[in-house]
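Content type compact mmCIF, C-alpha atoms, from the file structure32.txt:
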```txt
# COMPACT_ATOMS: atom_id res chain seq x y z
CA ILE L 857 -20.21 24.49 195.23
CA PRO L 858 -21.04 25.57 191.69
CA LEU L 859 -21.59 29.30 191.26
CA ILE L 860 -24.14 30.11 188.57
CA GLY L 861 -24.04 33.69 187.36
CA ARG L 862 -26.10 35.71 184.95
CA SER L 863 -25.71 39.13 183.41
CA ILE L 864 -29.31 40.17 182.83
CA THR L 865 -29.48 43.18 180.55
CA ILE L 866 -32.56 45.27 179.97
CA GLY L 867 -32.22 48.28 177.70
CA THR L 868 -30.43 50.85 179.82
CA ASN L 869 -27.31 48.83 180.62
CA LYS L 870 -24.26 50.65 179.30
CA PRO L 871 -21.58 48.77 177.31
CA ASP L 872 -19.00 49.14 180.11
CA GLU L 873 -21.48 47.67 182.64
CA ILE L 874 -22.19 44.71 180.37
CA LEU L 875 -18.47 44.14 179.78
CA ARG L 876 -17.74 44.32 183.53
CA ALA L 877 -20.50 41.82 184.32
CA LYS L 878 -19.18 39.46 181.65
CA LEU L 879 -15.63 39.73 182.98
CA ILE L 880 -16.78 38.98 186.55
CA GLY L 881 -19.06 36.13 185.44
CA GLU L 882 -16.48 34.44 183.25
CA SER L 883 -13.78 34.85 185.91
CA PHE L 884 -15.67 33.62 188.98
CA CYS L 885 -18.68 31.53 187.89
CA THR L 886 -18.71 27.86 186.95
CA ASP L 887 -21.79 28.54 184.76
CA PHE L 888 -22.11 32.04 183.32
CA LYS L 889 -24.45 33.31 180.62
CA GLU L 890 -25.79 36.60 179.41
CA ASP L 891 -29.57 36.93 179.39
CA ASN L 892 -31.47 39.73 177.69
CA MET L 893 -34.91 40.44 179.13
CA GLU L 894 -35.83 43.35 176.87
CA ASN L 895 -38.88 41.55 175.42
CA GLU L 896 -40.26 40.64 178.85
CA TYR L 897 -39.70 44.21 180.02
CA ASN L 898 -41.50 45.67 177.01
CA VAL L 899 -44.53 43.42 177.63
CA LEU L 900 -44.81 44.45 181.28
CA SER L 901 -43.85 48.11 181.23
CA HIS L 902 -46.45 49.38 178.74
CA ILE L 903 -44.14 52.34 178.26
CA ASN L 904 -43.85 54.37 175.12
CA PRO L 905 -40.23 55.62 175.01
CA LEU L 906 -41.37 58.65 173.00
CA MET L 907 -43.35 59.91 175.99
CA GLU L 908 -40.08 60.58 177.83
CA ASN L 909 -39.82 63.92 175.98
CA GLU L 910 -43.29 64.98 177.12
CA LEU L 911 -42.64 64.63 180.87
CA THR L 912 -41.70 67.30 183.38
CA PRO L 913 -38.33 66.77 185.14
CA LEU L 914 -40.09 65.37 188.26
CA GLU L 915 -42.35 63.10 186.18
CA LEU L 916 -39.27 61.87 184.29
CA VAL L 917 -37.51 60.89 187.55
CA LYS L 918 -40.64 59.04 188.75
CA TRP L 919 -40.94 57.33 185.34
CA LYS L 920 -37.30 56.18 185.51
CA ILE L 921 -37.74 54.85 189.05
CA ARG L 922 -40.91 52.93 188.12
CA ASN L 923 -39.20 51.38 185.12
CA GLY L 924 -36.09 50.59 187.15
CA ASN L 925 -38.27 48.78 189.68
CA ILE L 926 -39.85 46.69 186.91
CA LYS L 927 -36.37 45.75 185.70
CA ALA L 928 -35.16 44.77 189.21
CA ARG L 929 -38.22 42.59 189.73
CA LEU L 930 -37.83 40.89 186.35
CA ARG L 931 -34.21 40.10 187.14
CA MET L 932 -35.23 38.58 190.48
CA ILE L 933 -37.90 36.40 188.80
CA ASN L 934 -35.21 35.16 186.43
CA LEU L 935 -32.76 34.44 189.26
CA TYR L 936 -35.28 32.60 191.44
CA ASN L 937 -36.38 30.46 188.51
CA LEU L 938 -32.73 29.62 187.81
CA ALA L 939 -32.08 28.81 191.48
CA SER L 940 -35.17 26.59 191.65
CA THR L 941 -34.19 24.78 188.47
CA ASN L 942 -30.74 24.03 189.93
CA GLN L 943 -31.78 23.40 193.56
CA GLY L 944 -29.80 26.49 194.52
CA VAL L 945 -30.16 29.75 196.38
CA VAL L 946 -30.07 33.38 195.27
CA LEU L 947 -27.17 35.39 196.69
CA GLY L 948 -27.80 39.09 197.25
CA THR L 949 -25.53 42.09 196.98
CA GLU L 950 -27.20 44.51 199.38
CA ASN L 951 -24.94 46.25 201.88
CA LYS L 952 -25.65 48.12 205.13
CA CYS L 953 -25.63 51.55 203.42
CA GLU L 954 -28.25 50.54 200.87
CA GLU L 955 -30.42 48.92 203.52
CA ASN L 956 -30.29 51.91 205.87
CA LEU L 957 -31.03 54.39 203.08
CA GLY L 958 -33.84 52.29 201.58
CA PHE L 959 -31.90 52.30 198.30
CA PHE L 960 -33.42 49.14 196.83
CA THR L 961 -36.50 47.74 195.09
CA ILE L 962 -38.96 45.77 197.22
CA ALA L 963 -39.35 42.27 195.71
CA GLY L 964 -36.41 43.15 193.47
CA ASP L 965 -32.76 43.66 194.35
CA GLU L 966 -33.36 43.43 198.12
CA THR L 967 -34.82 39.96 197.75
CA SER L 968 -32.50 36.97 198.12
CA ASP L 969 -31.95 33.81 200.13
CA PHE L 970 -28.57 34.82 201.52
CA GLU L 971 -26.89 38.23 201.84
CA PRO L 972 -23.15 37.70 202.40
CA ILE L 973 -22.26 41.41 202.59
CA LYS L 974 -25.43 42.83 204.16
CA GLU L 975 -23.71 43.77 207.43
CA LEU L 976 -20.84 45.57 205.68
CA TRP L 977 -20.82 49.30 204.97
CA LYS L 978 -20.18 50.15 201.33
CA THR L 979 -16.68 51.37 202.24
CA GLU L 980 -16.00 47.98 203.84
CA VAL L 981 -17.15 46.20 200.67
CA TYR L 982 -14.61 48.22 198.70
CA GLU L 983 -11.89 47.56 201.31
CA LEU L 984 -12.61 43.82 201.25
CA SER L 985 -12.53 43.81 197.44
CA GLU L 986 -9.20 45.64 197.39
CA TRP L 987 -7.77 43.18 199.95
CA LEU L 988 -8.89 40.24 197.78
CA VAL L 989 -7.22 41.75 194.69
CA GLN L 990 -3.96 42.35 196.56
CA ASN L 991 -3.79 39.22 198.73
CA ASP L 992 -6.09 36.41 197.68
CA LEU L 993 -6.87 36.25 193.96
CA LYS L 994 -4.40 34.08 192.08
CA THR L 995 -5.01 34.94 188.42
CA ASP L 996 -4.59 38.25 186.63
CA ARG L 997 -8.01 37.76 185.02
CA LYS L 998 -9.76 37.57 188.42
CA LYS L 999 -7.76 40.53 189.72
CA LEU L 1000 -8.66 42.59 186.65
CA ALA L 1001 -12.34 41.61 186.90
CA LEU L 1002 -12.68 42.63 190.54
CA GLN L 1003 -10.53 45.76 190.11
CA SER L 1004 -12.81 46.89 187.27
CA CYS L 1005 -15.72 46.83 189.73
CA ILE L 1006 -13.74 48.72 192.37
CA ASP L 1007 -12.84 51.42 189.84
CA ALA L 1008 -16.35 51.79 188.38
CA VAL L 1009 -18.63 54.64 189.44
CA ALA L 1010 -21.47 53.11 191.47
CA THR L 1011 -24.80 53.82 189.78
CA ASP L 1012 -28.28 52.34 189.84
CA GLY L 1013 -28.43 52.62 186.05
CA LEU L 1014 -31.63 54.67 186.03
CA GLY L 1015 -29.98 57.69 184.45
CA ILE L 1016 -31.28 60.05 187.12
CA THR L 1017 -27.75 61.02 188.18
CA ASN L 1018 -24.23 59.99 187.26
CA SER L 1019 -23.65 58.09 190.51
CA ASP L 1020 -25.45 56.63 193.51
CA LEU L 1021 -23.74 59.23 195.69
CA GLU L 1022 -25.17 62.13 193.66
CA GLN L 1023 -28.64 60.62 193.93
CA ILE L 1024 -28.47 59.98 197.68
CA LEU L 1025 -26.89 63.21 198.85
CA PRO L 1026 -28.85 66.49 198.73
```

Show the structure stored in the file as structure tokens.
Amino acid sequence: IPLIGRSITIGTNKPDEILRAKLIGESFCTDFKEDNMENEYNVLSHINPLMENELTPLELVKWKIRNGNIKARLRMINLYNLASTNQGVVLGTENKCEENLGFFTIAGDETSDFEPIKELWKTEVYELSEWLVQNDLKTDRKKLALQSCIDAVATDGLGITNSDLEQILP
């Protein structure tokens, strides 16, 4: 079964995130490309980046969440169009922790046709990934790609906190 993958960047993606996505895509996908949706985002968001300096800390967090939700929904539009074009399905990445905490965007990153890891706790996702690196992956490139994801600090990319854990915990 061909695996089509896309790294869909929109503005706030950090260089290490983009590099990690490229490494995963090129290592595991039969068709991988990088898509930039900055123009589409700018049309829809109607956001003046200069206003960021004029917001209170609470307004800034709300602004970042709203803009993050726009980005998640744009990515999902792109993925569903790609799946439809190729008579495919969209695979999701939501896990049990994210679902139970409501840590997702409605009609964005929680939307997919199939969720292979939805019943796994985040710790189980990491354990499964580590097992794959140690026992199943045959090439150093694939091992390096998956290990880079294991080692990365999990973040939603909104810039509200340095990690998902900091944002979720009081």

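Distance annotation: of L:Asp872, L:Glu894, L:Glu975, L:Glu986, the residue with the minimal separation from Ile926 in chain L is L:Glu894; atom set is only C-alpha atoms.
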
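Distance check against Cys953 in chain L using all atoms listed in the file: of L:Leu984, L:Leu900, L:Cys885, L:Ile973, the minimum falls on L:Ile973.
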
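With only C-alpha atoms as the atoms that count, the residue of L:Asn923, L:Ser1004, L:Thr949, L:Thr967 with the shortest distance to Ala877 in chain L is L:Ser1004.
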
Shortest interatomic distance to Asn869 in chain L - which of L:Glu955, L:Ser940, L:Lys927, L:Glu915, counting all atoms listed in the file: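 Using all atoms listed in the file, Asn869 in chain L sits closest to L:Lys927.
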
Mind giving me the straight-line distance from CA of Leu1002 in chain L to CA of Thr868 in chain L in Å, one decimal? 22.3 Å

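Nearest-residue note for Ala928 in chain L: choosing from L:Val989, L:Ile866, L:Val1009, L:Ile880, the minimum distance belongs to L:Ile866, counting all atoms listed in the file.
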
L:Lys999, L:Ser968, L:Met893, L:Glu950: which is nearest Ser985 in chain L, counting all atoms listed in the file?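 Checking each candidate against Ser985 in chain L, we get L:Lys999 as the closest.
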
Please list as number ranges by chain every residue within 8 Å of Arg929 in chain L, counting only C-alpha atoms and excluding residues in the same chain fewer than 2 positions away. L: 925-927, 931-933, 961, 963-965

Write the residues of the preceding selection, restricted to C-alpha atoms, as an mmCIF file, keeping the file's coordinate frame.
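Saved file result.cif follows:
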```cif
data_model
loop_
_atom_site.group_PDB
_atom_site.id
_atom_site.type_symbol
_atom_site.label_atom_id
_atom_site.label_comp_id
_atom_site.auth_asym_id
_atom_site.auth_seq_id
_atom_site.Cartn_x
_atom_site.Cartn_y
_atom_site.Cartn_z
ATOM 1 C CA ASN L 925 -38.270 48.780 189.680
ATOM 2 C CA ILE L 926 -39.850 46.690 186.910
ATOM 3 C CA LYS L 927 -36.370 45.750 185.700
ATOM 4 C CA ARG L 931 -34.210 40.100 187.140
ATOM 5 C CA MET L 932 -35.230 38.580 190.480
ATOM 6 C CA ILE L 933 -37.900 36.400 188.800
ATOM 7 C CA THR L 961 -36.500 47.740 195.090
ATOM 8 C CA ALA L 963 -39.350 42.270 195.710
ATOM 9 C CA GLY L 964 -36.410 43.150 193.470
ATOM 10 C CA ASP L 965 -32.760 43.660 194.350
#
```

Just give me the gap between CA of Pro871 in chain L and CA of Tyr897 in chain L in Å, one decimal is fine.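 Taking CA of Pro871 in chain L and CA of Tyr897 in chain L, their separation equals 18.9 Å.
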
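Once Pro858 in chain L and its same-chain neighbours fewer than 3 positions away are set aside, L:Gly861, L:Phe884, L:Cys885, L:Thr886, L:Asp887, L:Phe888, L:Ala939, L:Asn942, L:Gln943, L:Gly944, L:Val945 remain within 12 Å of it when counting all atoms listed in the file.
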
For range 895-948 of chain L of the block above, can you save C-alpha atoms as a CSV table (one decimal), in the first residue's frame?
```
chain,number,residue,atom,x,y,z
L,895,ASN,CA,-0.3,32.1,1.5
L,896,GLU,CA,-3.5,30.2,2.2
L,897,TYR,CA,-3.1,30.9,5.9
L,898,ASN,CA,-2.5,34.6,5.4
L,899,VAL,CA,-5.7,34.9,3.3
L,900,LEU,CA,-7.8,33.2,5.9
L,901,SER,CA,-6.3,34.5,9.2
L,902,HIS,CA,-6.7,38.2,8.6
L,903,ILE,CA,-4.1,38.7,11.2
L,904,ASN,CA,-1.6,41.5,11.4
L,905,PRO,CA,1.5,40.1,13.0
L,906,LEU,CA,2.3,43.5,14.4
L,907,MET,CA,-0.7,43.4,16.6
L,908,GLU,CA,1.0,40.6,18.7
L,909,ASN,CA,2.9,43.3,20.6
L,910,GLU,CA,-0.4,45.1,21.5
L,911,LEU,CA,-2.1,42.2,23.2
L,912,THR,CA,-2.3,41.3,26.9
L,913,PRO,CA,-0.7,38.0,27.9
L,914,LEU,CA,-4.2,36.3,28.0
L,915,GLU,CA,-5.2,37.8,24.6
L,916,LEU,CA,-1.9,36.6,23.1
L,917,VAL,CA,-2.5,33.0,24.2
L,918,LYS,CA,-6.1,33.2,22.7
L,919,TRP,CA,-4.7,34.7,19.5
L,920,LYS,CA,-2.1,31.9,19.2
L,921,ILE,CA,-4.7,29.2,19.8
L,922,ARG,CA,-7.1,30.7,17.2
L,923,ASN,CA,-4.3,30.9,14.7
L,924,GLY,CA,-3.1,27.4,15.5
L,925,ASN,CA,-6.6,26.1,14.9
L,926,ILE,CA,-6.7,27.8,11.5
L,927,LYS,CA,-3.4,26.1,10.6
L,928,ALA,CA,-4.6,22.6,11.7
L,929,ARG,CA,-7.8,23.0,9.7
L,930,LEU,CA,-5.8,24.1,6.6
L,931,ARG,CA,-3.6,21.1,6.9
L,932,MET,CA,-6.6,18.8,7.1
L,933,ILE,CA,-8.2,20.3,4.0
L,934,ASN,CA,-4.9,19.7,2.2
L,935,LEU,CA,-4.7,16.1,3.4
L,936,TYR,CA,-8.3,15.2,2.5
L,937,ASN,CA,-7.9,16.7,-1.0
L,938,LEU,CA,-4.7,14.6,-1.4
L,939,ALA,CA,-6.5,11.5,-0.2
L,940,SER,CA,-9.4,12.1,-2.5
L,941,THR,CA,-7.2,12.7,-5.4
L,942,ASN,CA,-5.4,9.3,-4.8
L,943,GLN,CA,-8.4,7.3,-3.7
L,944,GLY,CA,-6.8,7.0,-0.2
L,945,VAL,CA,-7.6,7.7,3.4
L,946,VAL,CA,-6.2,10.1,6.0
L,947,LEU,CA,-4.3,8.5,8.8
L,948,GLY,CA,-4.5,10.3,12.2
```
